[in-house]
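Have a look at work_5.txt; it's compact mmCIF, C-alpha atoms and all ligand atoms:
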```txt
# COMPACT_ATOMS: atom_id res chain seq x y z
CA MET J 1 19.33 7.51 13.28
CA ASN J 2 16.83 4.67 13.39
CA LYS J 3 15.32 3.76 10.06
CA GLY J 4 11.75 4.62 9.17
CA GLN J 5 9.23 1.81 9.00
CA LEU J 6 8.22 0.62 5.56
CA MET J 7 4.64 -0.66 5.31
CA VAL J 8 2.78 -2.36 2.51
CA ILE J 9 -0.99 -2.29 2.77
CA SER J 10 -2.94 -4.56 0.44
CA GLY J 11 -6.45 -5.90 0.30
CA PRO J 12 -9.31 -6.26 -2.12
CA SER J 13 -10.85 -3.26 -3.75
CA GLY J 14 -13.75 -2.15 -1.54
CA ALA J 15 -12.19 -3.43 1.71
CA GLY J 16 -11.58 0.16 2.73
CA LYS J 17 -7.79 0.27 2.68
CA GLY J 18 -7.80 3.72 1.09
CA THR J 19 -9.93 5.15 3.89
CA ILE J 20 -7.73 3.57 6.55
CA CYS J 21 -4.55 4.88 4.92
CA THR J 22 -5.98 8.40 4.55
CA GLU J 23 -7.01 8.47 8.21
CA TYR J 24 -3.65 7.03 9.33
CA ILE J 25 -1.75 9.73 7.40
CA LYS J 26 -4.00 12.40 8.90
CA ARG J 27 -2.98 11.24 12.37
CA HIS J 28 0.67 10.65 11.44
CA PRO J 29 1.40 13.39 8.92
CA ASP J 30 5.12 12.67 8.85
CA THR J 31 4.46 9.28 7.27
CA PHE J 32 5.11 9.30 3.54
CA LEU J 33 2.33 7.80 1.42
CA SER J 34 3.72 6.61 -1.89
CA VAL J 35 1.63 8.12 -4.71
CA SER J 36 1.49 5.57 -7.50
CA VAL J 37 1.49 6.12 -11.22
CA THR J 38 -1.23 4.48 -13.27
CA GLU J 39 -2.34 4.33 -16.86
CA ARG J 40 -6.01 3.89 -15.91
CA ALA J 41 -8.37 6.84 -16.36
CA PRO J 42 -9.21 8.92 -13.28
CA ARG J 43 -12.52 8.11 -11.57
CA PRO J 44 -14.84 11.02 -10.78
CA GLY J 45 -13.42 12.94 -7.84
CA GLU J 46 -9.87 11.65 -8.20
CA ILE J 47 -7.18 14.31 -8.33
CA ASP J 48 -4.04 13.96 -10.43
CA GLY J 49 -0.99 14.06 -8.17
CA VAL J 50 -3.01 13.26 -5.05
CA HIS J 51 -4.72 9.90 -5.57
CA TYR J 52 -2.44 8.89 -8.42
CA ASN J 53 -0.22 10.39 -11.02
CA PHE J 54 -2.26 9.54 -14.11
CA ILE J 55 0.16 8.97 -16.97
CA SER J 56 0.08 7.72 -20.56
CA LYS J 57 1.05 4.19 -21.61
CA GLU J 58 4.14 5.65 -23.27
CA ASP J 59 5.26 7.40 -20.08
CA PHE J 60 4.66 4.17 -18.15
CA ASP J 61 6.91 2.31 -20.63
CA LYS J 62 9.57 4.98 -20.14
CA LEU J 63 9.43 4.71 -16.34
CA ILE J 64 9.96 0.95 -16.57
CA ALA J 65 12.80 1.33 -19.08
CA ASN J 66 14.54 3.92 -16.87
CA ASP J 67 14.23 1.74 -13.76
CA GLY J 68 12.05 4.42 -12.20
CA LEU J 69 9.69 2.06 -10.38
CA ILE J 70 10.20 -0.05 -7.24
CA GLU J 71 7.50 -2.39 -8.51
CA TRP J 72 4.63 -2.41 -10.92
CA ALA J 73 1.72 -4.74 -11.69
CA VAL J 74 -1.30 -5.09 -13.94
CA TYR J 75 -4.74 -4.83 -12.35
CA ASN J 76 -7.83 -5.34 -14.50
CA GLY J 77 -5.93 -4.45 -17.65
CA ASN J 78 -4.16 -1.32 -16.40
CA ARG J 79 -0.64 -0.94 -15.07
CA TYR J 80 0.07 0.62 -11.66
CA GLY J 81 3.52 1.32 -10.23
CA SER J 82 5.37 2.83 -7.29
CA PRO J 83 7.89 5.53 -8.27
CA LYS J 84 11.31 4.85 -6.78
CA ALA J 85 12.86 8.30 -6.24
CA PRO J 86 10.37 9.81 -3.72
CA VAL J 87 10.36 6.61 -1.64
CA LEU J 88 14.16 6.42 -1.49
CA LYS J 89 14.25 10.07 -0.42
CA ALA J 90 11.68 9.48 2.35
CA ILE J 91 13.61 6.42 3.60
CA GLU J 92 16.80 8.49 3.56
CA GLU J 93 15.06 11.05 5.78
CA GLY J 94 14.08 8.32 8.25
CA ARG J 95 10.37 8.69 7.52
CA ASP J 96 7.85 5.85 7.63
CA VAL J 97 6.60 4.91 4.18
CA ILE J 98 3.26 3.38 3.19
CA PHE J 99 2.56 1.63 -0.09
CA GLU J 100 -1.10 0.98 -0.79
CA ILE J 101 -0.73 -1.63 -3.52
CA GLU J 102 -2.11 -4.96 -4.73
CA VAL J 103 -0.63 -8.34 -3.84
CA VAL J 104 1.78 -8.91 -6.76
CA GLY J 105 3.41 -5.55 -6.09
CA GLY J 106 3.42 -6.33 -2.36
CA ALA J 107 5.43 -9.50 -3.00
CA ALA J 108 7.89 -7.57 -5.17
CA VAL J 109 8.41 -4.96 -2.43
CA ARG J 110 8.96 -7.71 0.14
CA GLN J 111 11.83 -9.12 -1.95
CA GLN J 112 13.56 -5.75 -1.81
CA TYR J 113 12.55 -4.78 1.73
CA PRO J 114 12.24 -7.91 3.88
CA ASP J 115 12.27 -5.74 7.03
CA GLY J 116 9.02 -4.03 6.02
CA VAL J 117 5.65 -4.88 7.54
CA TYR J 118 3.08 -6.42 5.24
CA ILE J 119 -0.52 -5.79 6.23
CA PHE J 120 -3.62 -7.18 4.56
CA ILE J 121 -6.88 -5.28 5.05
CA ALA J 122 -9.77 -7.74 4.91
CA PRO J 123 -13.48 -6.98 4.65
CA PRO J 124 -15.68 -8.41 7.44
CA SER J 125 -17.70 -10.35 4.83
CA LEU J 126 -17.95 -11.02 1.10
CA GLU J 127 -21.51 -9.66 0.98
CA GLY J 128 -20.35 -6.38 2.47
CA LEU J 129 -17.56 -6.16 -0.09
CA ARG J 130 -20.00 -6.57 -2.97
CA GLU J 131 -22.32 -3.94 -1.53
CA ARG J 132 -19.50 -1.47 -1.07
CA LEU J 133 -18.24 -1.91 -4.62
CA ALA J 134 -21.73 -1.59 -6.08
CA GLY J 135 -22.45 1.43 -3.86
CA ARG J 136 -19.49 3.39 -5.22
CA ASN J 137 -21.46 4.13 -8.39
CA THR J 138 -18.30 4.97 -10.26
CA GLU J 139 -17.99 1.74 -12.20
CA THR J 140 -19.91 -0.42 -14.66
CA VAL J 141 -21.42 -3.77 -13.65
CA GLN J 142 -18.67 -5.52 -15.64
CA GLN J 143 -15.97 -3.54 -13.84
CA ILE J 144 -17.50 -4.46 -10.49
CA GLU J 145 -17.60 -8.14 -11.47
CA ASN J 146 -13.93 -7.93 -12.51
CA ARG J 147 -13.03 -6.40 -9.16
CA LEU J 148 -14.93 -9.12 -7.28
CA ALA J 149 -13.12 -11.83 -9.24
CA LYS J 150 -9.85 -10.07 -8.46
CA ALA J 151 -10.85 -9.83 -4.79
CA SER J 152 -11.26 -13.58 -4.44
CA ALA J 153 -7.80 -14.09 -5.99
CA GLU J 154 -6.34 -11.57 -3.52
CA LEU J 155 -8.02 -13.27 -0.57
CA GLU J 156 -6.06 -16.41 -1.53
CA ILE J 157 -2.81 -14.51 -0.88
CA MET J 158 -4.02 -13.12 2.48
CA PRO J 159 -2.24 -15.81 4.60
CA HIS J 160 1.16 -14.74 3.21
CA TYR J 161 0.94 -11.32 4.82
CA ASP J 162 2.43 -10.61 8.27
CA TYR J 163 -0.83 -9.18 9.64
CA ILE J 164 -4.50 -9.31 8.73
CA VAL J 165 -6.63 -6.36 9.83
CA VAL J 166 -10.38 -6.84 9.50
CA ASN J 167 -11.85 -3.48 8.61
CA ASP J 168 -15.04 -3.44 10.67
CA THR J 169 -14.67 0.25 11.51
CA VAL J 170 -12.09 2.79 10.34
CA GLU J 171 -11.26 3.57 13.96
CA ASN J 172 -10.39 -0.08 14.72
CA GLY J 173 -8.48 -0.42 11.47
CA VAL J 174 -6.30 2.62 12.15
CA LYS J 175 -5.72 1.54 15.74
CA ALA J 176 -4.60 -1.91 14.58
CA ILE J 177 -2.11 -0.35 12.18
CA GLU J 178 -0.78 1.91 14.93
CA GLU J 179 -0.22 -1.14 17.13
CA ILE J 180 1.52 -3.02 14.33
CA VAL J 181 3.84 -0.07 13.67
CA ALA J 182 4.60 0.32 17.37
CA SER J 183 5.64 -3.32 17.74
CA ALA J 184 7.52 -3.34 14.41
CA ARG J 185 9.68 -0.50 15.75
CA LEU J 186 10.86 -2.77 18.57
CA ARG J 187 12.48 -5.24 16.19
CA PRO J 188 16.31 -5.25 16.13
CA SER J 189 16.35 -4.20 12.47
CA GLN J 190 14.70 -0.92 13.50
CA GLN J 191 16.87 -0.29 16.57
CA GLN J 192 20.33 0.39 15.21
CA GLU J 193 20.85 3.32 17.60
CA ILE J 194 20.58 1.36 20.85
CA ILE J 195 22.41 -1.65 19.40
CA GLU J 196 25.39 0.48 18.34
CA LYS J 197 25.40 2.42 21.61
CA LEU J 198 25.35 -0.62 23.88
CA GLN J 199 27.73 -2.73 21.82
CA LYS J 200 30.35 0.03 21.69
CA LYS J 201 33.53 -1.37 23.13
P1 LIG T 301 -7.82 1.25 -8.02
O1 LIG T 301 -8.05 1.17 -9.50
O2 LIG T 301 -8.99 0.75 -7.22
O3 LIG T 301 -7.36 2.61 -7.59
O4 LIG T 301 -6.60 0.28 -7.69
C1 LIG T 301 -6.62 -1.06 -8.07
C2 LIG T 301 -5.59 -1.83 -7.27
O5 LIG T 301 -4.27 -1.41 -7.62
C3 LIG T 301 -5.72 -1.62 -5.76
O6 LIG T 301 -5.57 -2.88 -5.13
C4 LIG T 301 -4.55 -0.73 -5.43
O7 LIG T 301 -4.08 -0.93 -4.11
C5 LIG T 301 -3.53 -1.22 -6.44
N1 LIG T 301 -2.44 -0.27 -6.68
C6 LIG T 301 -2.48 1.08 -6.62
N2 LIG T 301 -1.28 1.58 -6.88
C7 LIG T 301 -0.44 0.53 -7.09
C8 LIG T 301 0.95 0.41 -7.39
O8 LIG T 301 1.70 1.36 -7.50
N3 LIG T 301 1.43 -0.84 -7.55
C9 LIG T 301 0.66 -1.95 -7.44
N4 LIG T 301 1.25 -3.13 -7.57
N5 LIG T 301 -0.65 -1.88 -7.15
C10 LIG T 301 -1.19 -0.65 -6.99
```
Represent the structure from my file as structure tokens, please.
Ligand code: 5GP
Amino acid sequence: MNKGQLMVISGPSGAGKGTICTEYIKRHPDTFLSVSVTERAPRPGEIDGVHYNFISKEDFDKLIANDGLIEWAVYNGNRYGSPKAPVLKAIEEGRDVIFEIEVVGGAAVRQQYPDGVYIFIAPPSLEGLRERLAGRNTETVQQIENRLAKASAELEIMPHYDYIVVNDTVENGVKAIEEIVASARLRPSQQQEIIEKLQKK
């Protein structure tokens, strides 16, 4: 069986990576989206178990101590992490896996999964990013400023990703990811079946 494709999708808050991922999963329902754990409080409209598993600081400590996370990172004072067990199961089943995580976590995943594809979702402009963050209406002015500061730090890391997708429209963003996945599947690391078949003595 060929392996599933592991994808990391990063990008500044407000660049629209969540929307792109949601739409991609809708069109490719067999892809496994890693649901992260976080110790931050839910925003209005966020559902526990769907957007995140919202857990206490103590439970986060326990997950780290029990080696239950593939990676974790601090973002604006709160920890976020990717639970290991469901991802390993999905990989075992040959499913594609998406992590929607920030750049420090992305680098940690790359160390463990160098065959993955690392995609950075960029906003078309900085002004647009600011407007989108302000327009969410779910955060204080200080929180928005923190996210903008964080965004400029993340944009510094952008060149280290394998692909940069500018999110001008969701349709274009999803299409770009589909093309990346299609070409990633052609790499030798993803084609064990044909390699073994043709090299059989
Ligand atoms: P937000 O608070 O906007 O939901 O997320 C803040 C940042 O944390 C986003 O860039 C998001 O992609 C990232 N993030 C979400 N889950 C994880 C995770 O499990 N690990 C890491 N490293 N970052 C995460």
message: Can you measure atom C9 of ligand LIG 301 (chain T) to CA of Glu23 (chain J) for me? One decimal in Å is fine.
response: 20.3 Å
field: Site check for ligand LIG 301 (chain T): residues at most 10 Å away, all atoms listed in the file, as a ChimeraX atom specification
entry: /J:8-15,17-18,34-43,46,51-53,69-76,78-83,99-109,133,147,150-151,154
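Minimum atom-to-atom distances from J:Arg95, J:Arg132, J:Lys175, J:Lys200 to Gly16 (chain J) were compared using only C-alpha atoms, and the lowest value belongs to J:Arg132.
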query: In terms of the shortest atom-to-atom distance over all atoms listed in the file, which of J:Val165, J:Ser125, J:Glu131, J:Val141 is closest to Glu178 (chain J)?
result: J:Val165
Close residues, Leu6 (chain J) itself excluded, 10 Å, all atoms listed in the file, min 5 positions apart in chain, as a PDB file with C-alpha atoms, in the frame of the given file:
```
ATOM      1  CA  THR J  31       4.460   9.280   7.270  1.00  0.00           C
ATOM      2  CA  PHE J  32       5.110   9.300   3.540  1.00  0.00           C
ATOM      3  CA  VAL J  87      10.360   6.610  -1.640  1.00  0.00           C
ATOM      4  CA  ILE J  91      13.610   6.420   3.600  1.00  0.00           C
ATOM      5  CA  ARG J  95      10.370   8.690   7.520  1.00  0.00           C
ATOM      6  CA  ASP J  96       7.850   5.850   7.630  1.00  0.00           C
ATOM      7  CA  VAL J  97       6.600   4.910   4.180  1.00  0.00           C
ATOM      8  CA  ILE J  98       3.260   3.380   3.190  1.00  0.00           C
ATOM      9  CA  PHE J  99       2.560   1.630  -0.090  1.00  0.00           C
ATOM     10  CA  VAL J 109       8.410  -4.960  -2.430  1.00  0.00           C
ATOM     11  CA  ARG J 110       8.960  -7.710   0.140  1.00  0.00           C
ATOM     12  CA  TYR J 113      12.550  -4.780   1.730  1.00  0.00           C
ATOM     13  CA  PRO J 114      12.240  -7.910   3.880  1.00  0.00           C
ATOM     14  CA  ASP J 115      12.270  -5.740   7.030  1.00  0.00           C
ATOM     15  CA  GLY J 116       9.020  -4.030   6.020  1.00  0.00           C
ATOM     16  CA  VAL J 117       5.650  -4.880   7.540  1.00  0.00           C
ATOM     17  CA  TYR J 118       3.080  -6.420   5.240  1.00  0.00           C
ATOM     18  CA  VAL J 181       3.840  -0.070  13.670  1.00  0.00           C
ATOM     19  CA  ALA J 184       7.520  -3.340  14.410  1.00  0.00           C
TER      20      ALA J 184
END
```
message: One number please: CA of Pro123 (chain J) to CA of Pro44 (chain J), in Å, one decimal.
response: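 Rounded to one decimal, the two atoms are 23.7 Å apart.
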query: For Ala122 (chain J), which residue among J:Glu196, J:Asp61, J:Ala182, J:Ile20 is the nearest when counting all atoms listed in the file?
result: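 Distance minimum relative to Ala122 (chain J) lands on J:Ile20.
Closest approach to Glu179 (chain J) among J:Phe120, J:Tyr163, J:Phe60, J:Phe54 is made by J:Tyr163 (distances from all atoms listed in the file).
Of the residues listed (J:Ile195, J:Leu33, J:Glu127, J:Asp59), J:Leu33 shows the shortest atom-to-atom separation from Met7 (chain J); distances use only C-alpha atoms.
Across the model, the gap from CA of Asn2 (chain J) to CA of Leu186 (chain J) is 10.9 Å.
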Pick from J:Tyr24, J:Asn146, J:Gln111, J:Val50, whichever lies nearest to Asn172 (chain J) using all atoms listed in the file: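 With all atoms listed in the file as the atom set, the closest residue is J:Tyr24.
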message: Give me the residues near Met1 (chain J) as a count of residues only, where near means some atom within 9 Å (using all atoms listed in the file) and where sequence neighbours in that chain fewer than 5 positions away do not count.
response: 4
